[in-house]
There are 2 protein chains.
Amino acid sequence: MPAVPKHRQPIINAAVTLFRRQGFARTGLNDIVDVSGAPKGSLYHYFPEGKSSIAVAAVEEAGRRVTATVAKLAEECGSTGELLRAHARLLAGWMRGSGFRNGCPITTVLLELAPRERAVTDAGRKAYAARIALLRDRLMADGFARPRAETLAVLCTSALQGALIQARVERSGRPIEITAAELARLIEVEAER
Amino acid sequence: MPAVPKHRQPIINAAVTLFRRQGFARTGLNDIVDVSGAPKGSLYHYFPEGKSSIAVAAVEEAGRRVTATVAKLAEECGSTGELLRAHARLLAGWMRGSGFRNGCPITTVLLELAPRERAVTDAGRKAYAARIALLRDRLMADGFARPRAETLAVLCTSALQGALIQARVERSGRPIEITAAELARLIEVEAER
């Protein structure tokens with residue numbers, strides 16, 4: 001059966017959705033086929049190496065989405081503090097909308113597979129690096145020198161990632177909003193010094 | 001076969017180790033039996049409801065360990081900043097020692113099972129609450145009013161959790177050390193205001 005190019009993206013999207021909800025190990029190829037609506041043959045066509053190669057594509061896709069969101073917020077928001085609060089509102093809203101089933105689209109699969117699966121780990125590292133670079137640039141625009149902006153960007157990334165886990169356990173967007181608001185406040189104080 | 005009480009704890013310890021390394025779904029009951037050294041019968045004796053009830057016990061055990069570590073650090077350290085830096089050194093050392101395979105002992109299993117599995121989710125929430133309470137008390141000892149200490153404690157917990165994920169992907173303790181150092185610095189500035 002000739003595979004149709006249009007099925008690659010639905011397969012990746014389905015994998016992102018399933019991996020973030022229930023993890024990599026629990027998701028079977030049949031689940032991905034079912035959710036994607038793609039014919040099973042196209043899955044083997046695009047991902048002949050199987051589930052690990054789908055995990056790589058899913059982490060890359062999720063990384064692109066997070067980067068696009070942060071880039072858009074960085075453009076719209078006048079400061080890093082504003083960006084963090086806006087991002088938290090978005091994330092908390094998405095979490096609520098999914099009944100707190102959707103966490104970060106890359107965390108679960110990375111924790112299951114990194115550092116054992118090299119290609120997945122590399123995709124995760126690139127996703128983090130892109131996000132950290134955007135935040136660093138936004139922090140530099142706030143007046144922080146590059147080295148400090150870099151370390152603050154690492155903290156911001158850690159904090160929002162961790163908050164998503166707390167939000168799932170508490171079935172509440174509050175940990176995300178509290179984390180971002182505190183971070184924004186601390187960074188604003190620091191920017192004014 | 002009468003089950004011997006001494007086998008309950010080794011089973012739980014084995015589950016903590018396996019779940020943090022490779023996740024819940026990928027860990028079979030046989031893996032837990034093998035790593036624990038316990039006879040298979042004792043596993044069914046102590047956990048007749050199977051793997052989910054082992055997950056609850058593992059999250060409770062991991063929560064106790066984290067709480068004990070933070071409580072000890074809170075006693076030893078003169079400030080929250082010092083506590084955060086000391087905790088980061090410990091975590092980074094443990095991560096290095098495991099070849100970056102061991103992350104937070106509860107994160108992976110929570111992301112796989114929460115909020116679907118109610119008892120696991122509740123165990124996770126209690127683990128977070130205990131840790132946040134300890135940090136809140138330490139922050140109050142630094143001079144923060146209770147509501148502020150509470151929100152700062154949520155941020156500290158989020159940030160270290162998230163940093164462990166970055167550390168795994170980067171195969172480096174640096175994201176943990178950077179995150180804690182930045183957080184400590186920001187909190188120290190805020191405490192002096």
# chains A, B, ... in the order shown; residues from 1 in each chain; ligands from 1
>>> interface_residues(of="chain B", to="chain A", cutoff="8 Å", atoms="only C-alpha atoms", output="ChimeraX atom specification")
/B:21-23,25-26,100-101,103,107-108,110-116,121-122,124-125,128,151-152,154-163,165-166,168-171,175,178-180,182-183,186-187,189-190
>>> atom_distance(atom1="CA of Ala58 in chain B", atom2="CA of Leu18 in chain B")
10.0 Å
>>> residues_around(residues="Ala71 in chain A", least_positions_apart="3", cutoff="10 Å", atoms="only C-alpha atoms", output="list in words")
Arg65, Val66, Thr67, Ala68, Ala74, Glu75, Glu76, Leu83, Ala130, Arg131, Leu134, Leu135 and Arg138 of chain A
>>> write_last_selection(atoms="N, CA and C atoms", output="PDB file, in the first residue's frame")
ATOM      1  N   ARG A  65       6.296  23.064  19.307  1.00  0.00           N
ATOM      2  CA  ARG A  65       5.091  23.740  19.817  1.00  0.00           C
ATOM      3  C   ARG A  65       5.412  24.638  20.998  1.00  0.00           C
ATOM      4  N   VAL A  66       6.223  24.122  21.927  1.00  0.00           N
ATOM      5  CA  VAL A  66       6.573  24.925  23.102  1.00  0.00           C
ATOM      6  C   VAL A  66       7.366  26.152  22.658  1.00  0.00           C
ATOM      7  N   THR A  67       8.318  25.952  21.755  1.00  0.00           N
ATOM      8  CA  THR A  67       9.125  27.071  21.258  1.00  0.00           C
ATOM      9  C   THR A  67       8.238  28.118  20.595  1.00  0.00           C
ATOM     10  N   ALA A  68       7.275  27.666  19.783  1.00  0.00           N
ATOM     11  CA  ALA A  68       6.378  28.610  19.099  1.00  0.00           C
ATOM     12  C   ALA A  68       5.565  29.404  20.113  1.00  0.00           C
ATOM     13  N   ALA A  74       6.933  35.939  23.941  1.00  0.00           N
ATOM     14  CA  ALA A  74       8.064  36.862  24.075  1.00  0.00           C
ATOM     15  C   ALA A  74       7.834  38.109  23.221  1.00  0.00           C
ATOM     16  N   GLU A  75       7.183  37.904  22.079  1.00  0.00           N
ATOM     17  CA  GLU A  75       6.903  39.040  21.195  1.00  0.00           C
ATOM     18  C   GLU A  75       5.798  39.924  21.766  1.00  0.00           C
ATOM     19  N   GLU A  76       4.798  39.263  22.343  1.00  0.00           N
ATOM     20  CA  GLU A  76       3.622  40.005  22.816  1.00  0.00           C
ATOM     21  C   GLU A  76       3.830  40.695  24.157  1.00  0.00           C
ATOM     22  N   LEU A  83       5.611  37.652  30.493  1.00  0.00           N
ATOM     23  CA  LEU A  83       5.655  36.416  29.715  1.00  0.00           C
ATOM     24  C   LEU A  83       5.349  35.203  30.603  1.00  0.00           C
ATOM     25  N   ALA A 130      16.258  25.373  22.939  1.00  0.00           N
ATOM     26  CA  ALA A 130      15.531  26.395  22.176  1.00  0.00           C
ATOM     27  C   ALA A 130      14.703  27.276  23.111  1.00  0.00           C
ATOM     28  N   ARG A 131      14.050  26.628  24.066  1.00  0.00           N
ATOM     29  CA  ARG A 131      13.220  27.372  25.014  1.00  0.00           C
ATOM     30  C   ARG A 131      14.073  28.279  25.891  1.00  0.00           C
ATOM     31  N   LEU A 134      15.271  31.421  24.034  1.00  0.00           N
ATOM     32  CA  LEU A 134      14.233  32.452  23.899  1.00  0.00           C
ATOM     33  C   LEU A 134      14.064  33.236  25.202  1.00  0.00           C
ATOM     34  N   LEU A 135      14.035  32.515  26.307  1.00  0.00           N
ATOM     35  CA  LEU A 135      13.878  33.178  27.605  1.00  0.00           C
ATOM     36  C   LEU A 135      15.104  34.033  27.928  1.00  0.00           C
ATOM     37  N   ARG A 138      14.852  37.236  26.067  1.00  0.00           N
ATOM     38  CA  ARG A 138      13.828  38.100  26.669  1.00  0.00           C
ATOM     39  C   ARG A 138      14.367  38.736  27.959  1.00  0.00           C
TER      40      ARG A 138
END
>>> select_by_dssp(residues="chain A", states="alpha helix (DSSP H)", output="MDAnalysis selection string")
chainID A and resid 8:22 29:36 40:46 51:76 80:97 107:113 118:141 146:170 174:192
>>> write_last_selection(atoms="C-alpha atoms", output="compact mmCIF listing (two decimals), in the first residue's frame")
# COMPACT_ATOMS: atom_id res chain seq x y z
CA ARG A 8 2.85 11.58 8.87
CA GLN A 9 1.75 14.62 10.88
CA PRO A 10 -1.45 13.03 12.27
CA ILE A 11 0.64 10.09 13.48
CA ILE A 12 3.06 12.42 15.28
CA ASN A 13 0.21 14.47 16.73
CA ALA A 14 -1.46 11.33 18.03
CA ALA A 15 1.82 10.20 19.61
CA VAL A 16 2.29 13.58 21.32
CA THR A 17 -1.23 13.37 22.75
CA LEU A 18 -0.93 9.78 23.95
CA PHE A 19 2.61 10.00 25.35
CA ARG A 20 1.81 13.12 27.39
CA ARG A 21 -1.35 11.54 28.80
CA GLN A 22 -0.25 8.05 29.61
CA LEU A 29 1.27 1.31 18.03
CA ASN A 30 -2.38 0.41 17.62
CA ASP A 31 -3.41 3.24 19.96
CA ILE A 32 -1.40 5.68 17.84
CA VAL A 33 -2.99 4.36 14.64
CA ASP A 34 -6.48 4.60 16.17
CA VAL A 35 -6.09 8.16 17.44
CA SER A 36 -4.35 9.37 14.26
CA LYS A 40 -1.51 1.21 9.82
CA GLY A 41 0.72 0.82 6.76
CA SER A 42 1.61 4.51 6.82
CA LEU A 43 2.94 4.16 10.36
CA TYR A 44 5.41 1.49 9.29
CA HIS A 45 6.25 3.52 6.20
CA TYR A 46 7.17 6.70 8.04
CA LYS A 51 8.05 3.27 18.48
CA SER A 52 11.40 4.84 19.48
CA SER A 53 11.57 6.74 16.22
CA ILE A 54 8.00 7.95 16.80
CA ALA A 55 9.14 9.12 20.26
CA VAL A 56 11.92 11.17 18.66
CA ALA A 57 9.46 12.79 16.23
CA ALA A 58 6.97 13.41 19.04
CA VAL A 59 9.58 15.10 21.25
CA GLU A 60 10.70 17.23 18.28
CA GLU A 61 7.12 18.21 17.50
CA ALA A 62 6.34 19.01 21.13
CA GLY A 63 9.54 21.04 21.32
CA ARG A 64 8.46 23.03 18.24
CA ARG A 65 5.09 23.74 19.82
CA VAL A 66 6.57 24.93 23.10
CA THR A 67 9.13 27.07 21.26
CA ALA A 68 6.38 28.61 19.10
CA THR A 69 4.30 29.41 22.18
CA VAL A 70 7.20 30.97 24.07
CA ALA A 71 8.34 32.92 20.97
CA LYS A 72 4.84 34.32 20.49
CA LEU A 73 4.59 35.28 24.17
CA ALA A 74 8.06 36.86 24.08
CA GLU A 75 6.90 39.04 21.20
CA GLU A 76 3.62 40.00 22.82
CA THR A 80 9.88 38.34 31.25
CA GLY A 81 7.56 38.62 34.24
CA GLU A 82 4.61 39.31 31.96
CA LEU A 83 5.66 36.42 29.71
CA LEU A 84 5.80 33.99 32.65
CA ARG A 85 2.38 35.00 33.95
CA ALA A 86 0.84 34.77 30.47
CA HIS A 87 2.44 31.38 29.87
CA ALA A 88 1.13 30.13 33.21
CA ARG A 89 -2.42 31.24 32.35
CA LEU A 90 -2.19 29.36 29.05
CA LEU A 91 -0.77 26.21 30.64
CA ALA A 92 -3.24 26.22 33.52
CA GLY A 93 -6.10 26.68 31.04
CA TRP A 94 -4.91 23.80 28.88
CA MET A 95 -4.49 21.59 31.92
CA ARG A 96 -7.99 22.41 33.17
CA GLY A 97 -9.40 21.79 29.69
CA THR A 107 8.35 15.24 30.19
CA THR A 108 6.84 11.77 30.58
CA VAL A 109 8.47 10.27 27.51
CA LEU A 110 11.83 11.82 28.44
CA LEU A 111 11.67 10.44 31.95
CA GLU A 112 10.85 7.00 30.59
CA LEU A 113 13.55 6.96 27.92
CA ARG A 118 20.16 8.54 22.70
CA ALA A 119 18.09 10.05 19.87
CA VAL A 120 15.14 10.82 22.15
CA THR A 121 17.50 12.36 24.71
CA ASP A 122 19.09 14.55 22.02
CA ALA A 123 15.68 15.71 20.80
CA GLY A 124 14.80 16.61 24.40
CA ARG A 125 18.03 18.52 24.88
CA LYS A 126 17.39 20.54 21.72
CA ALA A 127 13.84 21.34 22.84
CA TYR A 128 15.14 22.64 26.19
CA ALA A 129 17.93 24.62 24.54
CA ALA A 130 15.53 26.39 22.18
CA ARG A 131 13.22 27.37 25.01
CA ILE A 132 16.08 28.51 27.24
CA ALA A 133 17.56 30.63 24.41
CA LEU A 134 14.23 32.45 23.90
CA LEU A 135 13.88 33.18 27.61
CA ARG A 136 17.52 34.27 27.82
CA ASP A 137 16.99 36.79 25.01
CA ARG A 138 13.83 38.10 26.67
CA LEU A 139 15.72 38.46 29.97
CA MET A 140 18.54 40.30 28.20
CA ALA A 141 15.95 42.68 26.78
CA ARG A 146 23.94 37.41 29.15
CA PRO A 147 25.39 34.97 31.73
CA ARG A 148 22.78 35.90 34.32
CA ALA A 149 20.01 35.82 31.71
CA GLU A 150 21.12 32.30 30.81
CA THR A 151 20.95 30.97 34.37
CA LEU A 152 17.64 32.70 35.04
CA ALA A 153 16.27 31.12 31.86
CA VAL A 154 17.28 27.67 33.16
CA LEU A 155 15.44 28.40 36.41
CA CYS A 156 12.29 29.60 34.58
CA THR A 157 12.27 26.46 32.45
CA SER A 158 12.76 24.14 35.44
CA ALA A 159 10.10 25.89 37.48
CA LEU A 160 7.33 25.71 34.88
CA GLN A 161 8.16 22.09 34.06
CA GLY A 162 8.00 21.11 37.70
CA ALA A 163 4.80 23.07 38.27
CA LEU A 164 3.01 21.02 35.62
CA ILE A 165 3.67 17.88 37.66
CA GLN A 166 2.28 19.44 40.83
CA ALA A 167 -0.76 20.63 38.86
CA ARG A 168 -1.55 17.12 37.74
CA VAL A 169 -1.35 15.72 41.22
CA GLU A 170 -3.44 18.53 42.71
CA ARG A 174 -2.81 26.88 41.00
CA PRO A 175 0.70 25.40 41.32
CA ILE A 176 1.46 26.69 37.81
CA GLU A 177 0.06 30.14 38.49
CA ILE A 178 1.75 30.42 41.90
CA THR A 179 5.10 29.27 40.52
CA ALA A 180 5.03 31.73 37.61
CA ALA A 181 3.77 34.64 39.72
CA GLU A 182 6.50 34.13 42.34
CA LEU A 183 9.18 33.79 39.70
CA ALA A 184 7.94 36.88 37.86
CA ARG A 185 7.94 38.87 41.09
CA LEU A 186 11.47 37.80 42.05
CA ILE A 187 12.81 38.55 38.57
CA GLU A 188 11.13 41.96 38.50
CA VAL A 189 12.70 42.88 41.83
CA GLU A 190 16.08 41.71 40.53
CA ALA A 191 15.70 43.65 37.26
CA GLU A 192 15.11 46.87 39.20
